[in-house]
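Worksheet: the structure to be examined is printed underneath.
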Amino acid sequence: MPDYYDTAAQLNEYLVFHYGNDASVLPWDFGPVKALGFHKRLVGWVDKSRLRAGSRALDLGCAVGRISLELTRVCESVVGIDYSTTFIESAKKIRESGLVTFQLTREGTLGTSSQVRLPADVSPDRTSFCQGDAENLSESLGKFDVIIMANLLDRVAHPRKVLSRLSDITQPGAQVIICSPFTWWDEFTQPEERLGGFIQDGKEMTSMDTVAKLLEPNFRQTKIGDEPFLIRQHERKFFMSVACVGAWIRR
């Protein structure tokens with residue numbers, strides 16, 4: 001499903017997810033309020049005390065760029081990469097204008113157009129966005145001090161290939177934060193390529209178990225936990241997921 005994220009509907013959903021305020025994402029006074037503010041919470045996993053001056057960050061699978069912008073609060077420069085050309089073009093426009101325009105869909109074709117400004121304390125000029133394939137990253141990217149992979153691994157054909165490149169593009173002491181609900185779909189990842197959700201040698205294997213095993217030679221795990229997130233489809237329908245999150249330090 002290579003063009004799944006290149007539709008107008010998906011773009012709008014992700015713009016609301018990334019940039020809508022709490023009331024825009026969840027216009028009710030009940031519901032999963034703890035799932036709001038996902039992008040800020042995930043960047044909160046970065047240990048600022050470990051960052052060096054001039055630190056570089058990579059937001060791999062950046063979609064429309066909110067995590068990249070949040071990372072400018074703690075890193076000197078941030079590169080955002082996504083496979084979707086539509087997402088990247090939108091992220092570039094937001095970077096240049098400082099404005100985000102989206103439709104808050106109510107029902108059918110009913111809705112309200114909304115425009116918001118980027119938070120004053122992020123630095124769009126510290127970001128750059130480019131279209132790219134997480135499985136085939138350019139050698140010219142260099143090395144990073146922070147890498148965040150948010151909800152990416154279950155949307156690529158060969159997740160092990162993505163993980164195998166992390167040691168090549170990180171500095172010693174770099175932080176890697178990986179999160180995913182591991183919602184494996186055949187359209188993205190064939191069963192034989194999935195990281196977990198099956199019995200192996202008589203033992204239940206979760207996807208995060210496999211991530212940790214694959215990273216162990218070059219990374220030390222420091223933390224594991226859960227982060228919920230909420231995507232609004234329309235005024236009365238939402239997708240709530242709980243991502244498993246792990247943090248590692250490059251040996």
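By order of appearance in the structure tokens: chains A, B, ..., then residues from 1 within every chain, and ligands from 1 in the order shown.
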Determine, counting only C-alpha atoms, which protein, DNA and RNA residues have an atom within 10 Å of an atom of Phe239 (chain A); residues of the same chain fewer than 6 positions away are not included. Present the result as a compact mmCIF listing (two decimals) with C-alpha atoms, in the first residue's frame.
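Everything below was put into selection29.txt:
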# COMPACT_ATOMS: atom_id res chain seq x y z
CA PHE A 229 -2.27 8.44 21.04
CA LEU A 230 -5.54 9.50 19.44
CA ILE A 231 -6.32 10.20 15.79
CA ARG A 232 -9.57 11.96 14.92
CA GLN A 233 -11.36 10.72 11.81
Expected answer as a PyMOL selection string: strand (DSSP E) residues in region 1-132 of chain A: chain A and resi 56-60+77-82+99-107+110-117+127-131
Save the residues we just selected, C-alpha atoms, as a PDB file, in the first residue's frame?
ATOM      1  CA  ARG A  56      21.696  16.439  15.610  1.00  0.00           C
ATOM      2  CA  ALA A  57      18.379  14.587  15.586  1.00  0.00           C
ATOM      3  CA  LEU A  58      16.640  12.382  13.042  1.00  0.00           C
ATOM      4  CA  ASP A  59      12.857  11.999  12.981  1.00  0.00           C
ATOM      5  CA  LEU A  60      12.516   8.870  10.863  1.00  0.00           C
ATOM      6  CA  SER A  77      19.367  20.631  14.094  1.00  0.00           C
ATOM      7  CA  VAL A  78      16.718  18.112  13.067  1.00  0.00           C
ATOM      8  CA  VAL A  79      16.216  16.103   9.880  1.00  0.00           C
ATOM      9  CA  GLY A  80      12.737  14.737   9.155  1.00  0.00           C
ATOM     10  CA  ILE A  81      12.380  11.907   6.635  1.00  0.00           C
ATOM     11  CA  ASP A  82       9.202  10.254   5.389  1.00  0.00           C
ATOM     12  CA  LEU A  99       0.947  28.028   9.671  1.00  0.00           C
ATOM     13  CA  VAL A 100      -1.066  24.797   9.559  1.00  0.00           C
ATOM     14  CA  THR A 101      -4.437  24.613   7.810  1.00  0.00           C
ATOM     15  CA  PHE A 102      -6.757  21.636   8.192  1.00  0.00           C
ATOM     16  CA  GLN A 103     -10.406  20.625   8.114  1.00  0.00           C
ATOM     17  CA  LEU A 104     -12.131  19.571  11.319  1.00  0.00           C
ATOM     18  CA  THR A 105     -14.533  17.072   9.787  1.00  0.00           C
ATOM     19  CA  ARG A 106     -17.888  16.763  11.526  1.00  0.00           C
ATOM     20  CA  GLU A 107     -19.884  14.380   9.332  1.00  0.00           C
ATOM     21  CA  LEU A 110     -19.590  18.973   6.852  1.00  0.00           C
ATOM     22  CA  GLY A 111     -16.753  20.546   8.783  1.00  0.00           C
ATOM     23  CA  THR A 112     -14.866  23.624   9.786  1.00  0.00           C
ATOM     24  CA  SER A 113     -11.650  24.918   8.290  1.00  0.00           C
ATOM     25  CA  SER A 114      -9.084  25.786  10.932  1.00  0.00           C
ATOM     26  CA  GLN A 115      -5.685  27.435  10.839  1.00  0.00           C
ATOM     27  CA  VAL A 116      -3.174  27.409  13.672  1.00  0.00           C
ATOM     28  CA  ARG A 117       0.284  28.894  14.179  1.00  0.00           C
ATOM     29  CA  THR A 127      14.604  21.611  10.664  1.00  0.00           C
ATOM     30  CA  SER A 128      14.935  20.159   7.195  1.00  0.00           C
ATOM     31  CA  PHE A 129      12.547  17.703   5.564  1.00  0.00           C
ATOM     32  CA  CYS A 130      13.156  15.258   2.753  1.00  0.00           C
ATOM     33  CA  GLN A 131      11.394  12.323   1.150  1.00  0.00           C
TER      34      GLN A 131
END
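Nearest to Thr183 (chain A) of all the residues A:Leu166, A:Cys244, A:Met205, A:Ala63 is A:Cys244, counting only C-alpha atoms.
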CA of Glu139 (chain A) to CA of Val46 (chain A), distance in Å rounded to a single decimal: 24.6 Å
DSSP alpha helix (DSSP H) residues within region 12-219 of chain A, listed as an MDAnalysis selection string: chainID A and resid 12:19 22:25 38:43 66:71 85:97 159:164 207:215
Could those selected residues go to a file with N, CA and C atoms, as a short mmCIF file (atom, residue, chain, number, x, y, z; two decimals), in the first residue's frame?
data_model
loop_
_atom_site.label_atom_id
_atom_site.label_comp_id
_atom_site.auth_asym_id
_atom_site.auth_seq_id
_atom_site.Cartn_x
_atom_site.Cartn_y
_atom_site.Cartn_z
N ASN A 12 -5.12 15.18 5.93
CA ASN A 12 -5.89 16.00 6.86
C ASN A 12 -5.91 15.38 8.25
N GLU A 13 -6.11 14.06 8.32
CA GLU A 13 -6.11 13.39 9.63
C GLU A 13 -4.79 13.61 10.36
N TYR A 14 -3.70 13.53 9.63
CA TYR A 14 -2.40 13.67 10.27
C TYR A 14 -2.09 15.11 10.64
N LEU A 15 -2.57 16.06 9.87
CA LEU A 15 -2.40 17.46 10.25
C LEU A 15 -3.13 17.75 11.55
N VAL A 16 -4.35 17.23 11.68
CA VAL A 16 -5.09 17.41 12.93
C VAL A 16 -4.39 16.69 14.08
N PHE A 17 -3.95 15.46 13.83
CA PHE A 17 -3.25 14.66 14.84
C PHE A 17 -1.98 15.36 15.33
N HIS A 18 -1.21 15.93 14.41
CA HIS A 18 0.06 16.55 14.77
C HIS A 18 -0.10 17.95 15.35
N TYR A 19 -1.04 18.73 14.81
CA TYR A 19 -1.06 20.16 15.12
C TYR A 19 -2.35 20.68 15.75
N ASP A 22 -5.99 20.27 21.82
CA ASP A 22 -6.72 19.17 22.44
C ASP A 22 -8.20 19.18 22.09
N ALA A 23 -8.80 20.37 22.08
CA ALA A 23 -10.23 20.48 21.80
C ALA A 23 -10.54 20.15 20.34
N SER A 24 -9.59 20.38 19.45
CA SER A 24 -9.80 20.04 18.05
C SER A 24 -9.75 18.53 17.84
N VAL A 25 -8.79 17.89 18.48
CA VAL A 25 -8.65 16.44 18.33
C VAL A 25 -9.80 15.70 19.02
N PHE A 38 0.50 13.56 22.20
CA PHE A 38 1.43 12.45 22.00
C PHE A 38 2.83 12.90 21.58
N HIS A 39 2.93 13.83 20.65
CA HIS A 39 4.24 14.19 20.09
C HIS A 39 5.14 14.86 21.12
N LYS A 40 4.56 15.73 21.95
CA LYS A 40 5.34 16.34 23.03
C LYS A 40 5.78 15.28 24.03
N ARG A 41 4.87 14.38 24.37
CA ARG A 41 5.21 13.34 25.35
C ARG A 41 6.34 12.45 24.85
N LEU A 42 6.32 12.12 23.57
CA LEU A 42 7.36 11.23 23.05
C LEU A 42 8.72 11.91 23.06
N VAL A 43 8.77 13.18 22.68
CA VAL A 43 10.05 13.91 22.73
C VAL A 43 10.52 14.04 24.17
N ARG A 66 5.55 17.16 13.27
CA ARG A 66 5.44 17.76 14.60
C ARG A 66 6.57 17.32 15.52
N ILE A 67 6.94 16.04 15.48
CA ILE A 67 8.04 15.59 16.35
C ILE A 67 9.34 16.29 15.96
N SER A 68 9.57 16.49 14.67
CA SER A 68 10.78 17.21 14.23
C SER A 68 10.82 18.59 14.86
N LEU A 69 9.70 19.29 14.84
CA LEU A 69 9.65 20.64 15.41
C LEU A 69 9.82 20.61 16.92
N GLU A 70 9.21 19.64 17.59
CA GLU A 70 9.37 19.53 19.04
C GLU A 70 10.83 19.24 19.41
N LEU A 71 11.53 18.51 18.56
CA LEU A 71 12.93 18.20 18.83
C LEU A 71 13.83 19.43 18.78
N THR A 85 5.55 11.57 -0.15
CA THR A 85 5.84 12.88 -0.72
C THR A 85 4.83 13.91 -0.27
N THR A 86 3.57 13.50 -0.15
CA THR A 86 2.52 14.42 0.28
C THR A 86 2.80 14.95 1.69
N PHE A 87 3.18 14.06 2.59
CA PHE A 87 3.50 14.48 3.96
C PHE A 87 4.69 15.42 3.98
N ILE A 88 5.73 15.08 3.23
CA ILE A 88 6.95 15.90 3.24
C ILE A 88 6.68 17.29 2.66
N GLU A 89 5.95 17.36 1.57
CA GLU A 89 5.63 18.67 0.99
C GLU A 89 4.83 19.51 1.97
N SER A 90 3.93 18.88 2.70
CA SER A 90 3.15 19.61 3.71
C SER A 90 4.06 20.09 4.84
N ALA A 91 4.97 19.23 5.30
CA ALA A 91 5.89 19.62 6.37
C ALA A 91 6.75 20.80 5.95
N LYS A 92 7.20 20.81 4.70
CA LYS A 92 8.02 21.91 4.19
C LYS A 92 7.22 23.22 4.18
N LYS A 93 5.96 23.16 3.76
CA LYS A 93 5.12 24.36 3.73
C LYS A 93 4.90 24.90 5.14
N ILE A 94 4.68 24.00 6.09
CA ILE A 94 4.48 24.42 7.48
C ILE A 94 5.76 25.06 8.01
N ARG A 95 6.91 24.47 7.67
CA ARG A 95 8.19 25.03 8.11
C ARG A 95 8.37 26.45 7.60
N GLU A 96 8.01 26.68 6.35
CA GLU A 96 8.23 27.99 5.74
C GLU A 96 7.23 29.04 6.23
N SER A 97 5.98 28.66 6.38
CA SER A 97 4.92 29.63 6.68
C SER A 97 4.66 29.78 8.17
N PRO A 159 11.28 -4.43 8.49
CA PRO A 159 11.66 -3.68 9.69
C PRO A 159 13.05 -4.02 10.21
N ARG A 160 13.49 -5.25 10.04
CA ARG A 160 14.84 -5.61 10.50
C ARG A 160 15.91 -4.82 9.74
N LYS A 161 15.66 -4.55 8.48
CA LYS A 161 16.61 -3.77 7.69
C LYS A 161 16.72 -2.35 8.22
N VAL A 162 15.59 -1.78 8.63
CA VAL A 162 15.60 -0.44 9.22
C VAL A 162 16.42 -0.43 10.50
N LEU A 163 16.19 -1.41 11.35
CA LEU A 163 16.91 -1.47 12.62
C LEU A 163 18.41 -1.71 12.43
N SER A 164 18.76 -2.45 11.39
CA SER A 164 20.18 -2.77 11.18
C SER A 164 21.01 -1.55 10.83
N SER A 207 6.89 -7.96 19.48
CA SER A 207 7.72 -7.19 18.57
C SER A 207 8.82 -6.44 19.31
N MET A 208 8.50 -5.89 20.47
CA MET A 208 9.52 -5.15 21.22
C MET A 208 10.60 -6.09 21.76
N ASP A 209 10.25 -7.34 22.06
CA ASP A 209 11.27 -8.33 22.43
C ASP A 209 12.31 -8.45 21.31
N THR A 210 11.81 -8.54 20.08
CA THR A 210 12.71 -8.71 18.94
C THR A 210 13.53 -7.45 18.69
N VAL A 211 12.90 -6.28 18.82
CA VAL A 211 13.65 -5.02 18.67
C VAL A 211 14.82 -4.99 19.65
N ALA A 212 14.54 -5.30 20.91
CA ALA A 212 15.59 -5.28 21.93
C ALA A 212 16.70 -6.28 21.61
N LYS A 213 16.33 -7.45 21.14
CA LYS A 213 17.32 -8.48 20.81
C LYS A 213 18.21 -8.03 19.65
N LEU A 214 17.59 -7.42 18.64
CA LEU A 214 18.36 -6.99 17.47
C LEU A 214 19.29 -5.82 17.79
N LEU A 215 18.88 -4.95 18.71
CA LEU A 215 19.70 -3.79 19.05
C LEU A 215 20.78 -4.08 20.08
#
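Atom pair CA of Glu193 (chain A) / CA of Ile169 (chain A): separated by 22.8 Å.
Remark: for Trp28 (chain A), the closest of the candidate residues A:Lys237, A:Ile199, A:Ala134, A:Ala243 is A:Lys237 (distances computed over only C-alpha atoms).
Distance-wise, CA of Arg126 (chain A) and CA of Arg52 (chain A) end up 16.1 Å apart.
The nearest approach to Pro119 (chain A) among the residues A:Arg73, A:Lys48, A:Lys34, A:Arg251, with only C-alpha atoms taken into account, belongs to A:Arg73.
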Neighbour list for Val242 (chain A) as a PyMOL selection string, cut-off 9 Å, only C-alpha atoms, skip fewer than 5 positions in-chain: chain A and resi 35+180-181+226-230
